[in-house]
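Since the structure comes first, as structure tokens, the remarks are kept for the end.
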Amino acid sequence: MRNKRRFRLILVLMAVLMPNQVSAQFRMQVRKNIPLDSIRLSDPAILADPKTNMYYMTGTGGLMWRSQNLRLWEGPYRVTEFKEDSWMGPRPMIWAAELHQVDGKYYYFATFTNRDVLIGTYRGNTIERRASQVLVADNPMGPYRAFGDATYLPADRPTLDGTFWRDLDGKPYMVFCGEWLQNWNGTIEKIELKSDLSGTVGQPKVLFRASDSPWSREKDENGNTTWNKVTDGPWLFRTSTGRLGMLWTSWVYDVYTQGVAYSASGTLDGPWIQEPEPVTPPGFGHSMLFKTFEGQWLMSVHLHQKNDRGHTIRIPHLFKVSLEGERLTVEGEFKP
């Protein structure tokens, strides 16, 4: 016990005297053997990494958890580093981080917000500088750092929830949301990435809009029921027959809800046909899919709910899914 206290004291002194020499991972209180339902995390995304035989979970907040069995987790770790002269600033807000392993490297797709920079107002909403961007590292624990182009998406637009997809043309793409705060009808869009993911090529293209949803709902300023303007959390997948689908999230009044759309062409260009009903139970949203080391497809998703004091909490959950046939089917909750 005395040695542990001495070690922690040394780390504290080093962090004060030599802040750039102490890894951010060691400046956090790392916990072990934490059950998944004891973690509070929005937008959980899990990478099953065969190189290390570990699961790595990221999400909103910029922290990482890791596990060997999906049941007990270790963390949180801080795995990102930023430069003061980037548009993100030295300490950006981080939303909906995902890890993707591509050609031997690990890429951190996330939404970054620099609250010190404003890009305008719309309908009374002050809009902060927010955009999806990609960081890179040589191993899943980071540190993840910016590389390549200074920006990936237009600086005058708030964008979020970027994810990775390689389409049938062999090219890599980022699929992301255009935020409703500026357009009042959220979009899901694509933009081509450079071959090494270090930047983007060309201009974004809208794939579909919030108003295309047959299942989302909200009340407008006159009290009339209409579609909900939020688009959130796209995730691409293919079924066993090669059919291209996309999970995405919005709201049914005050209930966070997730639906699915399928591409009629089998490519990102669509057209995208929305399923009439949500794909997960009410309150669950912003999911992604991964395959366990045993070969089971799982959906990582968070439950959006209120606690006894009326505060919103978000708890990661896992669902079994099947991609057999033409549609994604949710088969029930998975308890590791």
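The chains in the structure tokens are called A, B, ... from first to last as shown; in each chain the residues are counted from 1, and the ligands are counted from 1 in the order shown.
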
Pick out each residue of range 15-232 of chain A that DSSP on the backbone tags as strand (DSSP E); I need them as an MDAnalysis selection string.
-> chainID A and resid 31:35 45:49 54:58 63:67 72:78 93:102 105:122 125:137 145:146 159:166 172:178 187:193 200:209 218:219 225:226 232

Fewer than 4 positions away in the same chain doesn't count, so skip those; otherwise give me all residues within 8 Å of range 247-258 of chain A, counting only C-alpha atoms, as an MDAnalysis selection string.
-> chainID A and resid 215:219 228:236 278:288 304

Next, the residues of the selection above should be written as a short mmCIF file (atom, residue, chain, number, x, y, z; two decimals), in the first residue's frame with N, CA, C and O atoms.
```cif
data_model
loop_
_atom_site.label_atom_id
_atom_site.label_comp_id
_atom_site.auth_asym_id
_atom_site.auth_seq_id
_atom_site.Cartn_x
_atom_site.Cartn_y
_atom_site.Cartn_z
N TRP A 215 -41.28 7.02 -38.96
CA TRP A 215 -41.55 6.62 -37.58
C TRP A 215 -41.25 7.69 -36.53
O TRP A 215 -41.79 7.64 -35.42
N SER A 216 -40.38 8.67 -36.83
CA SER A 216 -40.06 9.69 -35.82
C SER A 216 -41.21 10.68 -35.69
O SER A 216 -42.00 10.88 -36.62
N ARG A 217 -41.30 11.35 -34.53
CA ARG A 217 -42.41 12.27 -34.27
C ARG A 217 -41.95 13.40 -33.35
O ARG A 217 -41.11 13.21 -32.48
N GLU A 218 -42.54 14.58 -33.54
CA GLU A 218 -42.42 15.68 -32.60
C GLU A 218 -43.58 16.64 -32.83
O GLU A 218 -44.32 16.52 -33.82
N LYS A 219 -43.76 17.58 -31.92
CA LYS A 219 -44.75 18.63 -32.08
C LYS A 219 -44.07 19.88 -32.61
O LYS A 219 -43.03 20.29 -32.10
N ASN A 228 -39.63 14.23 -36.64
CA ASN A 228 -38.61 14.83 -35.79
C ASN A 228 -37.43 15.26 -36.64
O ASN A 228 -37.03 14.57 -37.57
N LYS A 229 -36.85 16.42 -36.33
CA LYS A 229 -35.81 17.01 -37.17
C LYS A 229 -34.40 16.48 -36.91
O LYS A 229 -33.45 16.87 -37.59
N VAL A 230 -34.23 15.56 -35.95
CA VAL A 230 -32.90 15.09 -35.56
C VAL A 230 -32.47 13.88 -36.39
O VAL A 230 -33.25 12.95 -36.59
N THR A 231 -31.24 13.91 -36.87
CA THR A 231 -30.56 12.71 -37.40
C THR A 231 -29.33 12.47 -36.54
O THR A 231 -28.59 13.39 -36.21
N ASP A 232 -29.09 11.21 -36.20
CA ASP A 232 -28.07 10.89 -35.21
C ASP A 232 -27.50 9.50 -35.50
O ASP A 232 -28.23 8.60 -35.95
N GLY A 233 -26.20 9.33 -35.27
CA GLY A 233 -25.58 8.03 -35.18
C GLY A 233 -25.70 7.07 -36.34
O GLY A 233 -26.13 5.93 -36.14
N PRO A 234 -25.33 7.43 -37.58
CA PRO A 234 -25.40 6.44 -38.67
C PRO A 234 -24.38 5.32 -38.49
O PRO A 234 -23.26 5.55 -38.02
N TRP A 235 -24.77 4.12 -38.88
CA TRP A 235 -23.86 2.97 -38.90
C TRP A 235 -24.24 2.08 -40.08
O TRP A 235 -25.39 1.69 -40.22
N LEU A 236 -23.26 1.75 -40.92
CA LEU A 236 -23.49 0.97 -42.14
C LEU A 236 -23.21 -0.51 -41.91
O LEU A 236 -22.32 -0.88 -41.14
N PRO A 278 -39.47 1.31 -35.90
CA PRO A 278 -38.14 1.26 -35.28
C PRO A 278 -37.61 -0.16 -35.18
O PRO A 278 -38.37 -1.14 -35.19
N VAL A 279 -36.29 -0.27 -35.07
CA VAL A 279 -35.65 -1.59 -35.10
C VAL A 279 -35.29 -2.07 -33.70
O VAL A 279 -35.08 -3.27 -33.48
N THR A 280 -35.22 -1.16 -32.71
CA THR A 280 -34.90 -1.53 -31.34
C THR A 280 -36.01 -1.06 -30.40
O THR A 280 -36.83 -0.22 -30.78
N PRO A 281 -36.06 -1.56 -29.16
CA PRO A 281 -37.08 -1.12 -28.22
C PRO A 281 -36.97 0.38 -27.93
O PRO A 281 -35.91 0.99 -28.12
N PRO A 282 -38.06 1.01 -27.45
CA PRO A 282 -38.03 2.44 -27.13
C PRO A 282 -36.95 2.76 -26.10
O PRO A 282 -36.70 2.00 -25.17
N GLY A 283 -36.29 3.91 -26.30
CA GLY A 283 -35.26 4.37 -25.37
C GLY A 283 -33.85 3.99 -25.75
O GLY A 283 -32.89 4.53 -25.20
N PHE A 284 -33.70 3.07 -26.71
CA PHE A 284 -32.37 2.64 -27.14
C PHE A 284 -32.01 3.34 -28.45
O PHE A 284 -32.85 3.47 -29.35
N GLY A 285 -30.74 3.79 -28.58
CA GLY A 285 -30.33 4.44 -29.80
C GLY A 285 -28.84 4.56 -29.94
O GLY A 285 -28.07 4.16 -29.08
N HIS A 286 -28.44 5.13 -31.08
CA HIS A 286 -27.04 5.37 -31.45
C HIS A 286 -26.20 4.09 -31.28
O HIS A 286 -25.34 4.00 -30.43
N SER A 287 -26.45 3.13 -32.15
CA SER A 287 -25.78 1.84 -32.03
C SER A 287 -24.73 1.65 -33.10
O SER A 287 -24.58 2.45 -34.04
N MET A 288 -23.99 0.56 -32.96
CA MET A 288 -23.08 0.07 -33.98
C MET A 288 -23.07 -1.44 -33.88
O MET A 288 -23.60 -2.02 -32.92
N HIS A 304 -31.28 5.39 -23.06
CA HIS A 304 -31.44 6.79 -22.69
C HIS A 304 -32.61 6.87 -21.71
O HIS A 304 -33.76 6.69 -22.11
#
```

Which residues come within 12 Å of Gly120 in chain A, counting only C-alpha atoms, excluding same-chain residues fewer than 2 positions away, as an MDAnalysis selection string?
-> chainID A and resid 117:118 122:130 155:158 181:182

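By chain and then residue number, the residues within 10 Å of Lys335 in chain A are A:Leu36, A:Leu70, A:Arg71, A:His317, A:Leu318, A:Phe319, A:Lys320, counting only C-alpha atoms and disregarding those fewer than 6 positions away in sequence.
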
Please produce a file of the residues just selected, as a short mmCIF file (atom, residue, chain, number, x, y, z; two decimals), in the first residue's frame, where the atoms kept are C-alpha atoms.
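After the write, selection_36.cif holds the following:
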```
data_model
loop_
_atom_site.label_atom_id
_atom_site.label_comp_id
_atom_site.auth_asym_id
_atom_site.auth_seq_id
_atom_site.Cartn_x
_atom_site.Cartn_y
_atom_site.Cartn_z
CA LEU A 36 -20.88 -3.15 -18.39
CA LEU A 70 -17.35 -8.02 -22.69
CA ARG A 71 -18.52 -8.70 -19.12
CA HIS A 317 -26.28 -2.42 -23.59
CA LEU A 318 -25.61 -5.29 -25.99
CA PHE A 319 -28.18 -6.98 -28.23
CA LYS A 320 -27.82 -10.11 -30.34
#
```

Using only C-alpha atoms, pick whichever of A:Pro204, A:Pro44, A:Gly266, A:Gly59 has the shortest atom-to-atom distance to Leu244 in chain A.
-> A:Gly266

The residue from A:Met299, A:Leu41, A:Met246, A:Leu268 with the smallest atom-to-atom distance to Arg327 in chain A, counting only C-alpha atoms, is A:Met246

Neighbours of range 200-203 of chain A within 8 Å (only C-alpha atoms; same-chain residues fewer than 2 positions away dropped), as a PDB file with C-alpha atoms, in the first residue's frame?
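This went into selection_38.pdb:
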```pdb
ATOM      1  CA  ASP A 149      -5.781  17.784 -43.590  1.00  0.00           C
ATOM      2  CA  TYR A 152     -12.356  17.273 -43.187  1.00  0.00           C
ATOM      3  CA  LEU A 153     -15.709  19.052 -43.442  1.00  0.00           C
ATOM      4  CA  ILE A 191     -18.009  12.445 -48.406  1.00  0.00           C
ATOM      5  CA  GLU A 192     -15.131  10.564 -50.024  1.00  0.00           C
ATOM      6  CA  LEU A 193     -11.972  10.087 -47.978  1.00  0.00           C
ATOM      7  CA  LYS A 194      -8.428  10.042 -49.271  1.00  0.00           C
ATOM      8  CA  LEU A 197      -7.988   8.545 -44.611  1.00  0.00           C
ATOM      9  CA  SER A 198      -5.889  11.688 -44.093  1.00  0.00           C
ATOM     10  CA  LYS A 205     -23.660  14.575 -50.780  1.00  0.00           C
TER      11      LYS A 205
END
```

Using only C-alpha atoms, which of the listed residues (A:Arg78, A:Trp73, A:Arg314, A:Phe208) sits closest to Tyr262 in chain A?
-> A:Phe208

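The spacing separating CA of Trp272 in chain A from CA of Leu207 in chain A amounts to 7.2 Å.
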
Option closest in space to Leu135 in chain A, from A:Thr241, A:Ser211, A:Gln101, A:Thr187 [counting only C-alpha atoms] = A:Gln101

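Among the candidates A:Gly295, A:Gly325, A:Pro276, A:Gly170, the residue lying nearest to Ser240 in chain A is A:Gly325 (atoms considered: only C-alpha atoms).
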
Near Tyr108 in chain A, counting only C-alpha atoms, which residues have an atom at most 7 Å away, once you skip same-chain residues fewer than 3 positions from it, shown as a ChimeraX atom specification?
-> /A:97-100,134-136,144

Take the residues just selected and output them with N, CA, C and O atoms as a short mmCIF file (atom, residue, chain, number, x, y, z; two decimals), in the first residue's frame.
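And here is the file that came out, result_27.cif:
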```cif
data_model
loop_
_atom_site.label_atom_id
_atom_site.label_comp_id
_atom_site.auth_asym_id
_atom_site.auth_seq_id
_atom_site.Cartn_x
_atom_site.Cartn_y
_atom_site.Cartn_z
N ALA A 97 -17.25 8.79 -30.36
CA ALA A 97 -16.00 8.27 -30.92
C ALA A 97 -16.14 6.80 -31.31
O ALA A 97 -16.74 6.02 -30.58
N GLU A 98 -15.58 6.45 -32.46
CA GLU A 98 -15.54 5.07 -32.95
C GLU A 98 -14.11 4.72 -33.34
O GLU A 98 -13.36 5.57 -33.82
N LEU A 99 -13.75 3.46 -33.18
CA LEU A 99 -12.46 2.97 -33.65
C LEU A 99 -12.67 2.08 -34.87
O LEU A 99 -13.57 1.24 -34.90
N HIS A 100 -11.81 2.28 -35.88
CA HIS A 100 -11.84 1.45 -37.08
C HIS A 100 -10.39 1.05 -37.41
O HIS A 100 -9.51 1.91 -37.48
N VAL A 134 -10.97 12.80 -38.15
CA VAL A 134 -10.34 11.49 -37.96
C VAL A 134 -8.96 11.68 -37.33
O VAL A 134 -8.16 12.50 -37.79
N LEU A 135 -8.68 10.91 -36.28
CA LEU A 135 -7.35 10.83 -35.66
C LEU A 135 -6.79 9.44 -35.95
O LEU A 135 -7.50 8.52 -36.33
N VAL A 136 -5.49 9.26 -35.71
CA VAL A 136 -4.84 8.00 -36.04
C VAL A 136 -3.86 7.60 -34.95
O VAL A 136 -3.30 8.45 -34.24
N TYR A 144 -4.15 8.84 -29.91
CA TYR A 144 -4.71 9.22 -31.19
C TYR A 144 -4.48 10.71 -31.42
O TYR A 144 -4.80 11.53 -30.56
#
```

Enumerate the residues of range 41-254 of chain A with a DSSP assignment of helix (DSSP H, G or I), computed from the backbone, and present them as number ranges by chain.
-> A: 180-183, 210-212

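Of note, CA of Ala110 in chain A and CA of Trp184 in chain A are spaced 22.2 Å apart.
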
For Ala48 in chain A, which of A:Asp138, A:Glu294, A:Glu333, A:Glu324 is the closest residue, counting only C-alpha atoms?
-> A:Glu294
